[in-house]
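Enquirer: My questions all concern the structure below.
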Amino acid sequence: MGGLVQKVKLFGEYIPWFQAMRDKGAIAFDELGLPTPKTEAWKYTKLRDLNTDDLVIEPSNFLAEMRVAAEEACGCHHEDGGCGCHHHHGEGCCCGHHHEEGECHCHEEGHVCECQQKLHVPFEAYVIHFEKGKMIPPFPDFPRGVEVMNLMEAVLTEDAKEYLGKVVDIKLHPFAALNNAYMEEGIYLCVHKNVKVDKPIVLINHTKSGEENIFFNIRNLIVLEQGAEAEFVEWYNYTGAVKSRYFANVVNEIVLGKNAKLSHYKLQDEAFKANHIALSVVKQKSDSNYHNCCLQRGANIGRNEVKVLLNDENASAEVNAAYIMSGWATLDTTTDILHLSPRTYSSQLVKGVVGGEAKGVFQGKIHIAPDAVQTEGNQLHRALLLTDTAEIDVKPELEIFADDVKCSHGAASGELDENQLFYMQSRGIGREEAKQILIDAYLNEALDKVKNPEIRAWLSDYAHAPQE
Amino acid sequence: MNSQKPEIIDESGDKYKYGFVTDIAADSAPKGLNEDIIRFISQKKGEPDWLLEFRLKAYEFWKTMKEPTWAKLNYDKIDYQDLSYYSAPKQKVAPKSLDEVDPELLQTYEKLGIPLKEQEVLAGVVAVDAVFDSVSVATTYRQKLAEQGIIFCSISEAVKEHPDLVKQYLGSVVPYTDNFFACLNSAVFTDGSFVYIPKGVRCPMELSTYFRINAKNTGQFERTLIVADDESYVSYLEGCTAPQRDENQLHAAIVEIVVNKNAEVKYSTVQNWYPGDKDGKGGVYNFVTKRAACRGENSKVSWTQVETGSAVTWKYPSCVLQGDNSSGEFYSVAITNNHQQADTGTKMIHIGKNTSSKIISKGISAGFSNQTYRGLVRVAPKADNARNYSQCDSLLIGSHCGSHTVPYVENRNKTAKLEHEATTSKISDEQLFYCQQRGIGEEEAVSLIVNGFCKEVMQHLPMEFAIEAAKLINISLEGSFG
Amino acid sequence: MTTPLLEIEDLHARVADKEIIKGFNLTINEGEVHAIMGPNGAGKSTLSNVICGKPGYEITSGSIRFKGKDLTKMSAEDRAREGIFLCMQYPVEIPGVAVTTFLKHSINAVRKYHNLPELDTMEFVKMVREEGKKLGIDNEMIKRPVNVGFSGGEKKRLETLQMNILKPSFAILDEADSGLDVDALKVVAEGMNALRDGKRSMLIITHYQRLLEYVVPDFVHVYADGHIVKSGDKTLAAEIEKDGYAEYTRER
């Protein structure tokens with residue numbers, strides 16, 4: 001066993017429309033294969049290190065557990081004192097996580113367990129927990145007009161049927177095809193017409209390193225109906241042995257109705273040997289706005305790809321990103337903004353800091369379809385190289401088929417400004433501290449685009465310089 | 001097979017006169033490409049064994065290669081076995097006088113202000129030798145150049161007269177393994193020019209006049225080699241500013257430039273091959289590999305190109321900046337109209353320390369044409385303090401054309417400072433109205449604005465070239481507005 | 001005897017389905033200077049653009065005649081060649097095209113229209129330099145691309161220079177005083193006064209009275225809601241300066 005393609009028993013094989021989608025995914029992945037250095041969309045992100053030989057896929061237990069929970073709720077099988085949470089109990093730690101013997105410090109005064117820290121965000125939010133790609137109930141209580149389910153439930157109820165698999169074109173994205181083939185868990189989020197969600201909805205996927213190298217696929221489907229507004233945050237983190245080579249393959253399908261507004265933030269903080277490949281595809285109706293900001297700081301290969309289809313007039317998107325890295329990582333930010341209608345607008349600001357022997361990759365594309373006149377698309381990428389062995393590869397691309405448009409892109413890379421460093425040193429600030437200040441400021445330029453100040457502060461806390 | 005090289009001596013007995021064009025009078029090779037054809041070409045040209053060897057090795061390698069598909073170009077598949085790799089010009093069909101020449105072509109010459117005699121040459125009414133004193137002009141130049149030790153001749157001639165130089169440098173910048181088209185060229189190249197500027201010599205003239213006339217019949221597979229030794233300078237002009245009816249569908253040329261210590265080479269091109277008709281029928285496929293190696297310290301190379309012709313253009317004049325403090329520049333204007341397609345740009349490879357490069361690219365798309373700027377800036381790990389500035393501006397005229405920008409930037413040195421900017425715009429109604437309000441007609445206003453847009457590049461062309469190139473731009477865009 | 005130069009009758013015009021000019025009437029005779037004053041947003045610039053034939057403005061009814069010819073059928077450049085000059089509020093930038101190049105194209109296009117020979121380069125450069133000097137435009141400025149990086153004052157000077165060189169029979173000054181300090185304003189006014197020779201006419205479109213202190217008009221019209229609501233002599237301008245436009249906008 002091992003590798004990206006495995007025979008496992010998956011949920012929903014008896015649902016024809018769903019299984020057909022899965023089969024198509026398997027076939028498409030088989031046809032596309034893993035990207036090679038000759039695959040233009042993966043030109044700079046080499047997948048040699050993906051190392052998939054011993055990956056293990058764990059099928060979902062969610063529905064079985066739900067059934068058990070339902071039975072428990074009727075009072076039949078209460079065994080462990082009515083604990084409302086669905087964590088694995090009995091390991092002796094209150095935080096509900098697996099610890100080696102003697103490792104749990106939960107009861108020491110003032111100590112907050114590491115995994116507890118990684119299960120909470122420092123702002124008011126509706127938090128949905130995932131562990132290794134599997135949803136951990138319960139859900140928080142959502143207000144009226146906000147529907148949240150595990151994707152599998154939404155498949156059973158057919159709520160997901162209208163859009164699932166219809167936003168992303170798996171023929172263009174091999175990992176999305178693979179995600180199709182194995183999709184089980186993820187969030188189905190639907191915000192009804194004109195409903196404005198009062199707090200951010202946060203997905204925390206926490207991976208504890210175990211014996212095995214897990215391969216998990218998360219598929220989220222987010223639908224904002226006409227006039228709806230929401231903030232959605234993804235946070236991928238880990239605890240335990242940092243050397244775990246798990247592989248997270250995430251696909252978000254996002255549909256924005258007329259005048260809907262989604263703010264979408266992400267913090268990718270995976271273990272440094274792990275791999276994280278994510279694709280978000282957004283389809284936008286007229287007057288809708290998609291606002292995205294992603295900070296990547298972990299993983300061996302980390303790729304965050306955002307594709308936005310501005311399908312109707314006056315739709316707008318802002319796709320920003322920051323990345324900071326050291327070690328041997330490759331962090332890839334790829335964007336593809338398709339202006340498909342007149343008077344659509346996009347802007348992008350991506351800033352990166354690359355240290356160690358790491359490699360930063362930025363591929364950004366603005367496509368303007370014929371007749372998509374009076375559109376505006378702007379893009380700027382800037383990167384700092386901190387070491388002699390760091391590398392940055394950039395491919396900003398404009399593809400324009402209409403004449404009455406305003407488009408621009410810019411890319412620059414260089415090192416920290418010696419004059420600025422000296423200036424700070426001359427005011428008594430130590431050189432290392434001065435560097436930190438400059439790097440923080442550099443990345444914050446992108447993170448400042450985050451509208452919610454609490455989320456901005458939270459992301460900002462993670463955007464510190466890597467240790468040299 | 002005709003193994004005997006035809007000896008042609010003209011009335012004046014000047015052998016050089018035919019040095020370049022002699023073989024044209026000879027038979028064509030049959031269609032197709034195989035080892036025999038290559039031997040035939042080599043034999044026809046009376047080449048030494050090492051060159052035949054070079055060609056055969058290239059051919060062997062070419063057979064293993066695939067035609068590249070990464071460019072944003074759409075064209076019918078080329079059947080390489082359906083081409084003739086050694087052919088005489090179609091002299092039989094040459095018009096007898098200008099009266100028989102396509103009036104559209106003559107109109108263009110008129111607009112460019114090309115002298116009548118020269119028009120006759122360009123239109124193929126008369127052979128180069130019979131009408132224009134160009135060859136003797138060239139010869140005069142040649143003598144003047146020779147006094148300073150400058151070698152300027154056809155590459156075939158150089159193979160015979162300066163074999164050591166050719167052997168040393170041929171394929172040293174663009175090896176036959178480089179790419180599909182370069183490999184093909186290495187196997188079958190017919191002719192081209194060779195320039196050698198010795199140490200400390202500044203070439204006293206633009207090497208241009210000669211070429212303006214002679215470019216007429218340079219074959220499909222042209223090969224140019226320029227070597228600028230230490231402390232030398234040369235400005236080389238390629239191409240012809242007047243449109244030529246060229247029957248050759250496929251052009252796959254190579255230009256290699258070697259620049260040694262403190263030397264400088266300026267290479268200017270105006271490419272104006274037949275672009276096909278208004279419906280996109282016909283036209284030249286132009287697949288060119290141009291590369292300069294800045295080998296010595298403080299060496300400098302500058303490419304300037306104005307590309308208005310060809311149905312399909314695939315061309316990336318590059319600079320390999322090996323020497324410390326070396327610098328490379330690329331100035332380009334590309335204009336596509338009707339159904340033309342161009343995928344063009346440059347590569348700047350920074351290897352030495354303190355190397356710098358500058359890219360200014362101006363693309364104008366009109367009609368149903370598509371144009372791509374494709375560029376690469378690469379900084380090697382040891383290229384400390386590398387600097388690059390790239391600017392790519394596109395202007396779209398009309399709503400059926402496309403303009404694309406695909407720059408690749410690969411930086412492996414933290415001390416490098418790289419900047420890339422690109423913009424896309426159209427001629428605004430405000431600008432047009434402003435010109436019109438001052439009495440300037442629409443067509444004139446468009447040409448004024450377009451020439452303004454290209455100015456940064458045009459000013460790098462030698463004077464006489466620049467004037468014609470400006471006119472050429474207007475002609476290329478005729479009928480594209482309104 | 002007075003000869004009419006520009007005659008506008010019952011003009012209605014719209015921009016993108018919105019009617020801006022509604023029943024506008026005005027006759028300007030040779031040698032007269034008229035001022036049109038009106039509140040912001042009254043459509044003053046629309047009026048000048050319609051007279052000059054800017055694309056995007058549609059005349060729905062009425063007529064404009066210039067020197068007896070129907071203007072509405074003429075292209076923008078032909079109207080300019082006939083002698084109408086629009087001194088623009090926000091002249092556009094034309095990158096890469098030097099002022100001299102632009103002016104040469106312009107003046108020769110106008111001359112050609114009137115069957116006059118093209119100016120030779122020496123003659124032309126000399127003229128531009130001389131005219132430029134009067135306006136405080138140095139030789140460096142005329143080498144720069146048209147309006148690119150020009151300050152507000154420089155742009156106005158360049159507009160005035162072009163006007164002085166093309167010597168139009170009718171000049172429209174659209175908010176010619178906006179964004180100018182007093183010195184620059186005087187330069188523009190001098191340029192305009194230099195053109196007043198009893199034959200040439202002018203239409204000054206402005207919000208404030210300021211410019212009219214330097215270029216004294218023969219007639220002043222108050223323009224609101226797409227047509228003239230009151231006409232008078234220069235004292236009207238002073239009244240407006242004192243009382244504002246409220247009276248005229250309230251009337252409706």
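Ligands are numbered from 1 in the order shown, chains are lettered A, B, ... in the order of the structure tokens, and residues start at 1 in each chain.
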Pick out the residues sitting within 9 Å of segment 72-75 of chain C, and hand them over as a ChimeraX atom specification; count only C-alpha atoms, and ignore anything fewer than 2 positions along from it in its own chain.
Expert: /B:436,441 /C:50-54,59,63-65,70,77-80
Enquirer: Show me, as JSON lines, the residues of chain B having an atom within 8 Å of chain C, each with the closest atom pair and its distance in Å, using only C-alpha atoms.
Expert:
{"residue": "B:Asp429", "atom": "CA", "partner": "C:Pro55", "partner_atom": "CA", "distance": 7.9}
{"residue": "B:Glu430", "atom": "CA", "partner": "C:Val92", "partner_atom": "CA", "distance": 6.5}
{"residue": "B:Gln431", "atom": "CA", "partner": "C:Val92", "partner_atom": "CA", "distance": 6.1}
{"residue": "B:Phe433", "atom": "CA", "partner": "C:Lys54", "partner_atom": "CA", "distance": 6.3}
{"residue": "B:Tyr434", "atom": "CA", "partner": "C:Val92", "partner_atom": "CA", "distance": 7.0}
{"residue": "B:Cys435", "atom": "CA", "partner": "C:Ser106", "partner_atom": "CA", "distance": 7.6}
{"residue": "B:Gln436", "atom": "CA", "partner": "C:Glu77", "partner_atom": "CA", "distance": 4.2}
{"residue": "B:Gln437", "atom": "CA", "partner": "C:Ala80", "partner_atom": "CA", "distance": 5.2}
{"residue": "B:Arg438", "atom": "CA", "partner": "C:Ser106", "partner_atom": "CA", "distance": 5.6}
{"residue": "B:Gly439", "atom": "CA", "partner": "C:Glu77", "partner_atom": "CA", "distance": 4.3}
{"residue": "B:Ile440", "atom": "CA", "partner": "C:Ser106", "partner_atom": "CA", "distance": 5.3}
{"residue": "B:Gly441", "atom": "CA", "partner": "C:Glu77", "partner_atom": "CA", "distance": 5.8}
{"residue": "B:Glu442", "atom": "CA", "partner": "C:Glu77", "partner_atom": "CA", "distance": 8.0}
{"residue": "B:Leu448", "atom": "CA", "partner": "C:Val97", "partner_atom": "CA", "distance": 6.9}
{"residue": "B:Ile449", "atom": "CA", "partner": "C:Val97", "partner_atom": "CA", "distance": 6.7}
{"residue": "B:Asn451", "atom": "CA", "partner": "C:Gly96", "partner_atom": "CA", "distance": 7.4}
{"residue": "B:Gly452", "atom": "CA", "partner": "C:Gly96", "partner_atom": "CA", "distance": 3.7}
{"residue": "B:Phe453", "atom": "CA", "partner": "C:Gly96", "partner_atom": "CA", "distance": 5.5}
{"residue": "B:Cys454", "atom": "CA", "partner": "C:Gly96", "partner_atom": "CA", "distance": 7.4}
{"residue": "B:Lys455", "atom": "CA", "partner": "C:Gly96", "partner_atom": "CA", "distance": 5.7}
{"residue": "B:Glu456", "atom": "CA", "partner": "C:Gly96", "partner_atom": "CA", "distance": 7.6}
Enquirer: Could those residues be written to a file, using N, CA and C atoms, as a PDB file, in the first residue's frame?
Expert:
ATOM      1  N   ASP B 429      -9.596  57.524 -26.565  1.00  0.00           N
ATOM      2  CA  ASP B 429     -10.431  58.451 -27.313  1.00  0.00           C
ATOM      3  C   ASP B 429     -10.016  59.880 -27.014  1.00  0.00           C
ATOM      4  N   GLU B 430      -9.588  60.112 -25.762  1.00  0.00           N
ATOM      5  CA  GLU B 430      -9.158  61.457 -25.367  1.00  0.00           C
ATOM      6  C   GLU B 430      -7.951  61.904 -26.184  1.00  0.00           C
ATOM      7  N   GLN B 431      -6.984  60.984 -26.342  1.00  0.00           N
ATOM      8  CA  GLN B 431      -5.788  61.332 -27.113  1.00  0.00           C
ATOM      9  C   GLN B 431      -6.152  61.627 -28.570  1.00  0.00           C
ATOM     10  N   PHE B 433      -9.046  62.596 -29.758  1.00  0.00           N
ATOM     11  CA  PHE B 433      -9.803  63.845 -29.857  1.00  0.00           C
ATOM     12  C   PHE B 433      -8.881  65.051 -29.737  1.00  0.00           C
ATOM     13  N   TYR B 434      -7.940  64.958 -28.836  1.00  0.00           N
ATOM     14  CA  TYR B 434      -6.990  66.056 -28.644  1.00  0.00           C
ATOM     15  C   TYR B 434      -6.264  66.363 -29.956  1.00  0.00           C
ATOM     16  N   CYS B 435      -5.771  65.294 -30.609  1.00  0.00           N
ATOM     17  CA  CYS B 435      -5.076  65.487 -31.887  1.00  0.00           C
ATOM     18  C   CYS B 435      -6.030  66.059 -32.929  1.00  0.00           C
ATOM     19  N   GLN B 436      -7.224  65.498 -32.973  1.00  0.00           N
ATOM     20  CA  GLN B 436      -8.192  65.948 -33.971  1.00  0.00           C
ATOM     21  C   GLN B 436      -8.564  67.410 -33.741  1.00  0.00           C
ATOM     22  N   GLN B 437      -8.691  67.770 -32.475  1.00  0.00           N
ATOM     23  CA  GLN B 437      -9.059  69.142 -32.151  1.00  0.00           C
ATOM     24  C   GLN B 437      -7.980  70.114 -32.627  1.00  0.00           C
ATOM     25  N   ARG B 438      -6.782  69.595 -32.787  1.00  0.00           N
ATOM     26  CA  ARG B 438      -5.710  70.455 -33.294  1.00  0.00           C
ATOM     27  C   ARG B 438      -5.537  70.263 -34.797  1.00  0.00           C
ATOM     28  N   GLY B 439      -6.547  69.666 -35.431  1.00  0.00           N
ATOM     29  CA  GLY B 439      -6.558  69.586 -36.891  1.00  0.00           C
ATOM     30  C   GLY B 439      -5.884  68.365 -37.478  1.00  0.00           C
ATOM     31  N   ILE B 440      -5.393  67.459 -36.620  1.00  0.00           N
ATOM     32  CA  ILE B 440      -4.690  66.286 -37.128  1.00  0.00           C
ATOM     33  C   ILE B 440      -5.699  65.165 -37.402  1.00  0.00           C
ATOM     34  N   GLY B 441      -5.674  64.626 -38.612  1.00  0.00           N
ATOM     35  CA  GLY B 441      -6.629  63.579 -39.001  1.00  0.00           C
ATOM     36  C   GLY B 441      -6.412  62.296 -38.222  1.00  0.00           C
ATOM     37  N   GLU B 442      -7.411  61.423 -38.217  1.00  0.00           N
ATOM     38  CA  GLU B 442      -7.374  60.239 -37.372  1.00  0.00           C
ATOM     39  C   GLU B 442      -6.183  59.326 -37.669  1.00  0.00           C
ATOM     40  N   LEU B 448       1.044  59.038 -35.138  1.00  0.00           N
ATOM     41  CA  LEU B 448       1.797  59.912 -34.228  1.00  0.00           C
ATOM     42  C   LEU B 448       1.881  59.270 -32.838  1.00  0.00           C
ATOM     43  N   ILE B 449       0.743  58.785 -32.378  1.00  0.00           N
ATOM     44  CA  ILE B 449       0.695  58.215 -31.033  1.00  0.00           C
ATOM     45  C   ILE B 449       1.496  56.907 -30.966  1.00  0.00           C
ATOM     46  N   ASN B 451       4.016  56.025 -32.892  1.00  0.00           N
ATOM     47  CA  ASN B 451       5.444  56.316 -32.943  1.00  0.00           C
ATOM     48  C   ASN B 451       5.950  56.863 -31.610  1.00  0.00           C
ATOM     49  N   GLY B 452       5.096  57.611 -30.942  1.00  0.00           N
ATOM     50  CA  GLY B 452       5.457  58.090 -29.606  1.00  0.00           C
ATOM     51  C   GLY B 452       5.633  56.929 -28.640  1.00  0.00           C
ATOM     52  N   PHE B 453       4.723  55.973 -28.765  1.00  0.00           N
ATOM     53  CA  PHE B 453       4.748  54.783 -27.918  1.00  0.00           C
ATOM     54  C   PHE B 453       6.054  53.990 -28.103  1.00  0.00           C
ATOM     55  N   CYS B 454       6.550  53.988 -29.335  1.00  0.00           N
ATOM     56  CA  CYS B 454       7.746  53.187 -29.660  1.00  0.00           C
ATOM     57  C   CYS B 454       9.048  53.961 -29.501  1.00  0.00           C
ATOM     58  N   LYS B 455       8.943  55.223 -29.199  1.00  0.00           N
ATOM     59  CA  LYS B 455      10.105  56.105 -29.289  1.00  0.00           C
ATOM     60  C   LYS B 455      11.341  55.588 -28.546  1.00  0.00           C
ATOM     61  N   GLU B 456      11.094  55.111 -27.327  1.00  0.00           N
ATOM     62  CA  GLU B 456      12.211  54.641 -26.502  1.00  0.00           C
ATOM     63  C   GLU B 456      13.063  53.589 -27.213  1.00  0.00           C
TER      64      GLU B 456
END
Enquirer: Mind listing as an MDAnalysis selection string which residues of chain A are within 8 Å of chain B, counting only C-alpha atoms?
Expert: chainID A and resid 370:371 384:415
Enquirer: Just the number, please: distance in Å from atom CA of Lys171 of chain A to atom CA of Asn213 of chain A, one decimal.
Expert: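 These atoms are spaced 27.3 Å apart.
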Enquirer: Quick check for you: according to DSSP on this backbone, which residues of segment 228-272 of chain A are classed as strand (DSSP E)? Reply as a list in words.
Expert: Glu229, Ala230, Glu231, Phe232, Val233, Glu234, Trp235, Tyr236, Asn237, Tyr238, Thr239, Phe247, Ala248, Asn249, Val250, Val251, Asn252, Glu253, Ile254, Val255, Leu256, Lys261, Leu262, Ser263, His264, Tyr265, Lys266, Leu267 and Gln268 of chain A
Enquirer: Using only C-alpha atoms, which of A:Ala176, A:Val146, A:Val373, A:Ala329 sits nearest Val281 of chain A?
Expert: A:Ala176
Enquirer: Using only C-alpha atoms, which residues sit within 12 Å of Asp49 of chain B once same-chain residues fewer than 5 positions away are excluded, as an mmCIF file with N, CA and C atoms, in the first residue's frame?
Expert:
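Written out: part_35.cif:
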data_model
loop_
_atom_site.group_PDB
_atom_site.id
_atom_site.type_symbol
_atom_site.label_atom_id
_atom_site.label_comp_id
_atom_site.auth_asym_id
_atom_site.auth_seq_id
_atom_site.Cartn_x
_atom_site.Cartn_y
_atom_site.Cartn_z
ATOM 1 N N ARG B 39 24.900 16.057 -47.350
ATOM 2 C CA ARG B 39 26.170 15.878 -48.073
ATOM 3 C C ARG B 39 26.189 16.696 -49.357
ATOM 4 N N SER B 42 26.723 20.368 -48.529
ATOM 5 C CA SER B 42 28.100 20.574 -48.112
ATOM 6 C C SER B 42 29.052 20.516 -49.316
ATOM 7 N N GLN B 43 28.753 19.573 -50.187
ATOM 8 C CA GLN B 43 29.581 19.386 -51.372
ATOM 9 C C GLN B 43 29.456 20.575 -52.312
ATOM 10 N N PHE B 54 29.947 18.387 -38.637
ATOM 11 C CA PHE B 54 29.117 19.241 -37.779
ATOM 12 C C PHE B 54 27.659 19.156 -38.217
ATOM 13 N N ARG B 55 27.465 19.255 -39.524
ATOM 14 C CA ARG B 55 26.106 19.212 -40.064
ATOM 15 C C ARG B 55 25.455 17.856 -39.788
ATOM 16 N N LEU B 56 26.228 16.802 -40.018
ATOM 17 C CA LEU B 56 25.658 15.456 -39.860
ATOM 18 C C LEU B 56 25.313 15.165 -38.408
ATOM 19 N N VAL B 159 34.504 30.181 -44.227
ATOM 20 C CA VAL B 159 34.867 28.781 -43.983
ATOM 21 C C VAL B 159 36.139 28.432 -44.762
ATOM 22 N N LYS B 160 36.230 28.998 -45.969
ATOM 23 C CA LYS B 160 37.390 28.702 -46.808
ATOM 24 C C LYS B 160 38.614 29.532 -46.425
ATOM 25 N N PRO B 163 39.223 29.453 -41.831
ATOM 26 C CA PRO B 163 38.633 28.252 -41.214
ATOM 27 C C PRO B 163 38.874 28.171 -39.705
ATOM 28 N N LYS B 167 35.887 27.717 -37.189
ATOM 29 C CA LYS B 167 35.870 26.467 -36.434
ATOM 30 C C LYS B 167 35.838 26.739 -34.925
#
Enquirer: Please provide the set of residues having any atom within 9 Å of segment 232-240 of chain A, restricted to only C-alpha atoms, with same-chain residues fewer than 4 positions apart removed, written as a list of chain:residue names.
Expert: A:His99, A:Glu114, A:Cys115, A:Lys118, A:Pro200, A:Ile201, A:Val202, A:Leu203, A:Ile204, A:Asn205, A:His206, A:Thr207, A:Lys208, A:Ser209, A:Gly210, A:Ser244, A:Leu262, A:Ser263, A:His264, A:Tyr265, A:Lys266, A:Leu267, A:Gln268, A:Asp269, A:Glu270, A:Ala271, A:Gly298, A:Ile455
Enquirer: Residues within 7 Å of segment 185-200 of chain B, please, as an NGL selection string. Count only C-alpha atoms; anything in the same chain fewer than 2 positions from it doesn't count.
Expert: :B and (38 or 55-56 or 58-59 or 85 or 149-156 or 158 or 176 or 181-183 or 202 or 218-219 or 221-232 or 252-253)
Enquirer: Using only C-alpha atoms, which residues sit within 9 Å of segment 130-134 of chain C once same-chain residues fewer than 2 positions away are excluded, as a list of chain:residue names?
Expert: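 Skipping anything fewer than 2 positions along the chain leaves C:Val125, C:Lys126, C:Met127, C:Val128, C:Gly136, C:Ile137, C:Asp138, C:Asn139, C:Ile142, C:Arg157, C:Leu158, C:Leu161, C:Asn164, C:Ile165, C:Val187, C:Gly191.
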Enquirer: Which residues are close to Arg200 of chain C, i.e. within 8 Å by only C-alpha atoms, leaving aside same-chain residues fewer than 3 positions away? Reply as a list of chain:residue names.
Expert: C:Glu30, C:Gly31, C:Glu32, C:Pro168, C:Ser169, C:Phe170, C:Leu195, C:Arg196, C:Asp197
Enquirer: Could those residues be written to a file, using N, CA and C atoms, as a short mmCIF file (atom, residue, chain, number, x, y, z; two decimals), in the first residue's frame?
Expert:
data_model
loop_
_atom_site.label_atom_id
_atom_site.label_comp_id
_atom_site.auth_asym_id
_atom_site.auth_seq_id
_atom_site.Cartn_x
_atom_site.Cartn_y
_atom_site.Cartn_z
N GLU C 30 -18.37 88.13 -35.24
CA GLU C 30 -16.92 88.34 -35.38
C GLU C 30 -16.43 89.38 -34.38
N GLY C 31 -15.35 89.10 -33.75
CA GLY C 31 -14.72 90.07 -32.86
C GLY C 31 -15.27 90.10 -31.44
N GLU C 32 -16.31 89.33 -31.18
CA GLU C 32 -16.92 89.38 -29.86
C GLU C 32 -16.29 88.37 -28.90
N PRO C 168 -6.55 80.58 -34.33
CA PRO C 168 -7.91 80.20 -34.74
C PRO C 168 -8.81 81.44 -34.84
N SER C 169 -9.87 81.33 -35.64
CA SER C 169 -10.80 82.47 -35.72
C SER C 169 -11.79 82.43 -34.56
N PHE C 170 -11.85 81.28 -33.89
CA PHE C 170 -12.76 81.17 -32.76
C PHE C 170 -12.12 80.25 -31.70
N LEU C 195 -4.80 87.73 -29.08
CA LEU C 195 -5.55 87.23 -30.23
C LEU C 195 -6.74 88.12 -30.57
N ARG C 196 -7.07 89.04 -29.66
CA ARG C 196 -8.24 89.89 -29.91
C ARG C 196 -7.89 90.97 -30.90
N ASP C 197 -8.41 90.84 -32.10
CA ASP C 197 -8.04 91.79 -33.15
C ASP C 197 -9.29 92.35 -33.83
#
